Number of protein chains: 2
Amino acid sequence: MSDKYLLISTDTHAGLPPEQYREYIDPKYREAFDEAQAADVTAAALVAEDDHQRFLAEWNSEIGDHGGMEGAWDPAVRTKEMDAEGVAAEVVFPDADAAGVGGVSGSPFGSGLNSSGDSDPVLVMAGAQAHNRWAAEFCQNDPERRYGIAIVPALHDVAAAVAEAEWAAENGLRGGIMIPTKWGSYPAYNDPVYDPLWSVCAEAGLVVHTHSGVGPTDYTWAPGFLAIYATEAYWWAARPLWALLLGGVFERHPKLRYALAENGAWWVPDILTRMDAKWEGDHSTRKFGPKTFRDGMTMKPSEYYHRNVWMASSVMGRVEVERRHEIGVERLMWGHDYPHPEGTWPHTREWLRDRFADVPEADTRRILGLNAAELYRFDLARLAPVVDRIGLTVEDVHGPAGAAA
Amino acid sequence: MSDKYLLISTDTHAGLPPEQYREYIDPKYREAFDEAQAADVTAAALVAEDDHQRFLAEWNSEIGDHGGMEGAWDPAVRTKEMDAEGVAAEVVFPDADAAGVGGVSGSPFGSGLNSSGDSDPVLVMAGAQAHNRWAAEFCQNDPERRYGIAIVPALHDVAAAVAEAEWAAENGLRGGIMIPTKWGSYPAYNDPVYDPLWSVCAEAGLVVHTHSGVGPTDYTWAPGFLAIYATEAYWWAARPLWALLLGGVFERHPKLRYALAENGAWWVPDILTRMDAKWEGDHSTRKFGPKTFRDGMTMKPSEYYHRNVWMASSVMGRVEVERRHEIGVERLMWGHDYPHPEGTWPHTREWLRDRFADVPEADTRRILGLNAAELYRFDLARLAPVVDRIGLTVEDVHGPAGAAA
């Protein structure tokens, strides 16, 4: 392999324009699909109209020469954009649209990033299956570079979730599965009721994901609504981490692998420190006794983390790069969140330079691609010619002075 | 004033043995009170019986020579214990018992630390009023040293909450009020529906508090239950902070003062950084437009924090001491959580030495007492003779080598 960088984006999105999902929906839910489309409200409705129009004009001009939003569903456009930014492979989530842009839709019946315990149990599965059918086709277009993620609404019917995970494994969705971040009134992920799902994922090598994005459920439209949402979003997507860790799920399923997507990782070191302190029995735990906080965990929470958990922190901030040793250089994974406006497309080169110019090459290689290659089991031999052709050079990332030490 | 340390504990607890609350309950709720007492389940029921017995034996032997738990309701015992540890004054919360120890009770009808949007609207107010009546009497025993906090279940009936806050101000509960940490299905604290309560508190100089402790409501009894609770507890008690900040409450009520009790402060710098970044319009906010995240805030979130918010981090860890400059040396307040087993009583001297030996004296004075004196408006002239008599010396805290630089 050349010395070019292997870039694997562990957070991208793909989806169809709304009406095109119709043919992938089980016919018996198509009427419900039409009704839901008519009632659809995008995030844009929450924003001042003049601000929204200004953003749209700016964004559309920015991406106009890059095929606009068409790469969300058109493999040729998408591959061209990946090539242009040096991205050899990607892990593909649903919900290409997050801002009412480009005529793209979230996956049907809110089954994507907004799926939660509050979703309609039947329709959310119908929507998930529609997206999964399409995603399996879409990724087959370039199966070595494009690992799709299956949506699995795990909460409402665990047996159905198991079946959907098995379908994903059989149909080449090699990215794994995404489960809802918020369980609502259903059991949290520490509950052994989900063990059959974890077993299937561990055996089939499906990485389990949560992805940030689901909206608030317990405060009202009032001043600060979206600012509170933005402040809290990481928390909701992260809660499954400690439900799994502290519920002993990785003790019972040592081969299960879990990744948090687009959720930062600045918060990881502090939370691990706290969980370990409870496990070790710090002063604040004395009244609960020594057994209470171990509850089936033979190792410290941080030890499971360093074995079973990855942070797909995608467009990471400087803080994640600075804290990479506490987060785990082996845990942290980059992504560019294509084609979301909060991602780095079409300016990924500049962003990489901004974040990684001073980071040692060995760490940079892990974070930008090698960790993801190991986690998702990408075939490096097959990716090598792609990297040779389109990969970024050491100078591209670290500047003309050469790589950092 | 001598050079002894002014110690003000901003987190203590007081309460009666269960049956003694009966006479403070409005007669029409006494039958309900008797029924609730019979059904009471303490935290001890969640812990393995052998662990619980071992803890009780250890704890009772530790506090036996210190009057046991009687200081929870007996002013003479309590004052003796405060004197012995050099504590000149205290801010007194409800719920002296947290672990089924000493025959003490939480305040009636779960109106104390466990109050939330899930509480019975009528009974939680009846319980709060019973505790408040008793606490007002209790603190009158030594009004310069003992500032009581009134429980105000703010969620269910804002007008009743306003009336209870006014009662607290008129009846000498100079610590301020404590509101529920979890609003459940009621409006969050960013909602202007609470403005009348904030107005009364701002005008009467009542500090508004949340205190950690309320239990989980959205996951089930399953492996990891208490470990998840312990990991998340800080978050639930902290959420009101950003609801108030981002809801513009401190913009509309510039004199309102808010303190978070027993909730650490290690998490403060990161959250402030994130909130400020949204306010300033970082890349991730672009699709929402520049107005969305300001929403009535003319200053940055961190600027309100440094004007209106205090961290009563009580038994703080080394991490709070290390991060004190980012948290704000003027914001951080010590407490000893008397008489909870997770507090430092009866070993406060050793704990202070452990945490503050190397901290410069000026910072130590702020954190151990001066910040609290300013926030709660303790009368320093009246406390001076107490400090002279019982206060710790510089050598007590910083060691025989003298104070840190």
# chains A, B, ... in the order shown; residues from 1 in each chain; ligands from 1
call {"tool": "interface_residues", "arguments": {"of": "chain A", "to": "chain B", "cutoff": "7 Å", "atoms": "only C-alpha atoms", "output": "ChimeraX atom specification"}}
result
/A:47,51-52,55,99,184-185,187-188,190-191,218-220,222-224,226-228,231,242-243,246-248,274-275,283-284,287-289,292-293,295,341-342
call {"tool": "write_last_selection", "arguments": {"atoms": "C-alpha atoms", "output": "short mmCIF file (atom, residue, chain, number, x, y, z; two decimals), in the first residue's frame"}}
result
data_model
loop_
_atom_site.label_atom_id
_atom_site.label_comp_id
_atom_site.auth_asym_id
_atom_site.auth_seq_id
_atom_site.Cartn_x
_atom_site.Cartn_y
_atom_site.Cartn_z
CA VAL A 47 -36.22 28.16 12.21
CA ASP A 51 -32.61 32.61 8.30
CA HIS A 52 -33.71 29.43 6.56
CA PHE A 55 -28.94 29.27 4.72
CA ALA A 99 -32.49 20.63 7.21
CA GLY A 184 -39.05 5.99 26.23
CA SER A 185 -41.30 3.67 28.21
CA PRO A 187 -36.88 -1.28 28.82
CA ALA A 188 -33.48 0.39 28.70
CA ASN A 190 -29.34 -2.83 30.45
CA ASP A 191 -32.37 -5.11 30.48
CA ASP A 218 -39.85 16.33 27.84
CA TYR A 219 -39.80 20.03 27.32
CA THR A 220 -42.07 22.31 25.44
CA ALA A 222 -40.53 27.83 24.60
CA PRO A 223 -37.47 30.10 24.64
CA GLY A 224 -34.25 28.15 24.28
CA LEU A 226 -33.30 24.37 20.07
CA ALA A 227 -30.35 25.52 22.18
CA ILE A 228 -31.35 23.05 24.89
CA THR A 231 -26.75 21.09 24.37
CA TRP A 242 -23.61 3.20 30.11
CA ALA A 243 -26.82 1.19 30.01
CA LEU A 246 -23.21 -1.10 33.54
CA GLY A 247 -25.89 -3.62 32.65
CA GLY A 248 -23.10 -6.14 32.06
CA ARG A 274 -16.83 8.27 37.30
CA MET A 275 -18.07 4.82 36.36
CA HIS A 283 -16.66 6.98 49.37
CA SER A 284 -19.98 8.06 47.85
CA LYS A 287 -24.04 3.08 51.86
CA PHE A 288 -24.93 0.88 48.90
CA GLY A 289 -22.35 -1.77 49.69
CA THR A 292 -24.22 -2.98 44.16
CA PHE A 293 -22.11 -1.24 41.54
CA ASP A 295 -23.62 -6.26 39.45
CA PRO A 341 -24.40 20.80 6.14
CA GLU A 342 -22.91 20.32 9.61
#
call {"tool": "select_by_dssp", "arguments": {"residues": "stretch 193-351 of chain A", "states": "helix (DSSP H, G or I)", "output": "number ranges by chain"}}
result
A: 193-204, 225-246, 249-252, 268-280, 283-288, 301-308, 318-322, 324-327, 348-351
call {"tool": "select_by_dssp", "arguments": {"residues": "stretch 82-323 of chain B", "states": "strand (DSSP E)", "output": "PyMOL selection string"}}
result
chain B and resi 89-93+146-151+176-178+208-211+258-261+309-314
call {"tool": "residues_around", "arguments": {"residues": "A:Pro108", "least_positions_apart": "6", "cutoff": "10 Å", "atoms": "only C-alpha atoms", "output": "VMD selection string"}}
result
chain A and resid 15 to 16 18 to 19 21 to 22 24 to 25 33 36 to 37 95 123 to 131
call {"tool": "atom_distance", "arguments": {"atom1": "atom CA of A:Phe138", "atom2": "atom CA of A:Ala88"}}
result
16.7 Å
call {"tool": "atom_distance", "arguments": {"atom1": "atom CA of B:Met299", "atom2": "atom CA of B:Arg324"}}
result
22.4 Å
call {"tool": "residues_around", "arguments": {"residues": "A:Leu206", "least_positions_apart": "3", "cutoff": "12 Å", "atoms": "only C-alpha atoms", "output": "ChimeraX atom specification"}}
result
/A:147-152,162,164-170,172-179,197-203,209,255-259,375-377
call {"tool": "atom_distance", "arguments": {"atom1": "atom CA of B:Arg318", "atom2": "atom CA of B:His306"}}
result
21.6 Å
call {"tool": "residues_around", "arguments": {"residues": "A:Thr181", "least_positions_apart": "4", "cutoff": "7 Å", "atoms": "only C-alpha atoms", "output": "PDB file with C-alpha atoms, in the first residue's frame"}}
result
ATOM      1  CA  SER A 116     -37.512   6.160  19.645  1.00  0.00           C
ATOM      2  CA  THR A 210     -26.560   4.775  18.222  1.00  0.00           C
ATOM      3  CA  TRP A 236     -29.322  11.032  24.728  1.00  0.00           C
ATOM      4  CA  ALA A 237     -27.212   9.259  22.140  1.00  0.00           C
ATOM      5  CA  PRO A 240     -27.093   3.559  25.744  1.00  0.00           C
TER       6      PRO A 240
END
call {"tool": "residues_around", "arguments": {"residues": "B:Gly67", "least_positions_apart": "4", "cutoff": "9 Å", "atoms": "only C-alpha atoms", "output": "ChimeraX atom specification"}}
result
/B:63,71,77-78,81
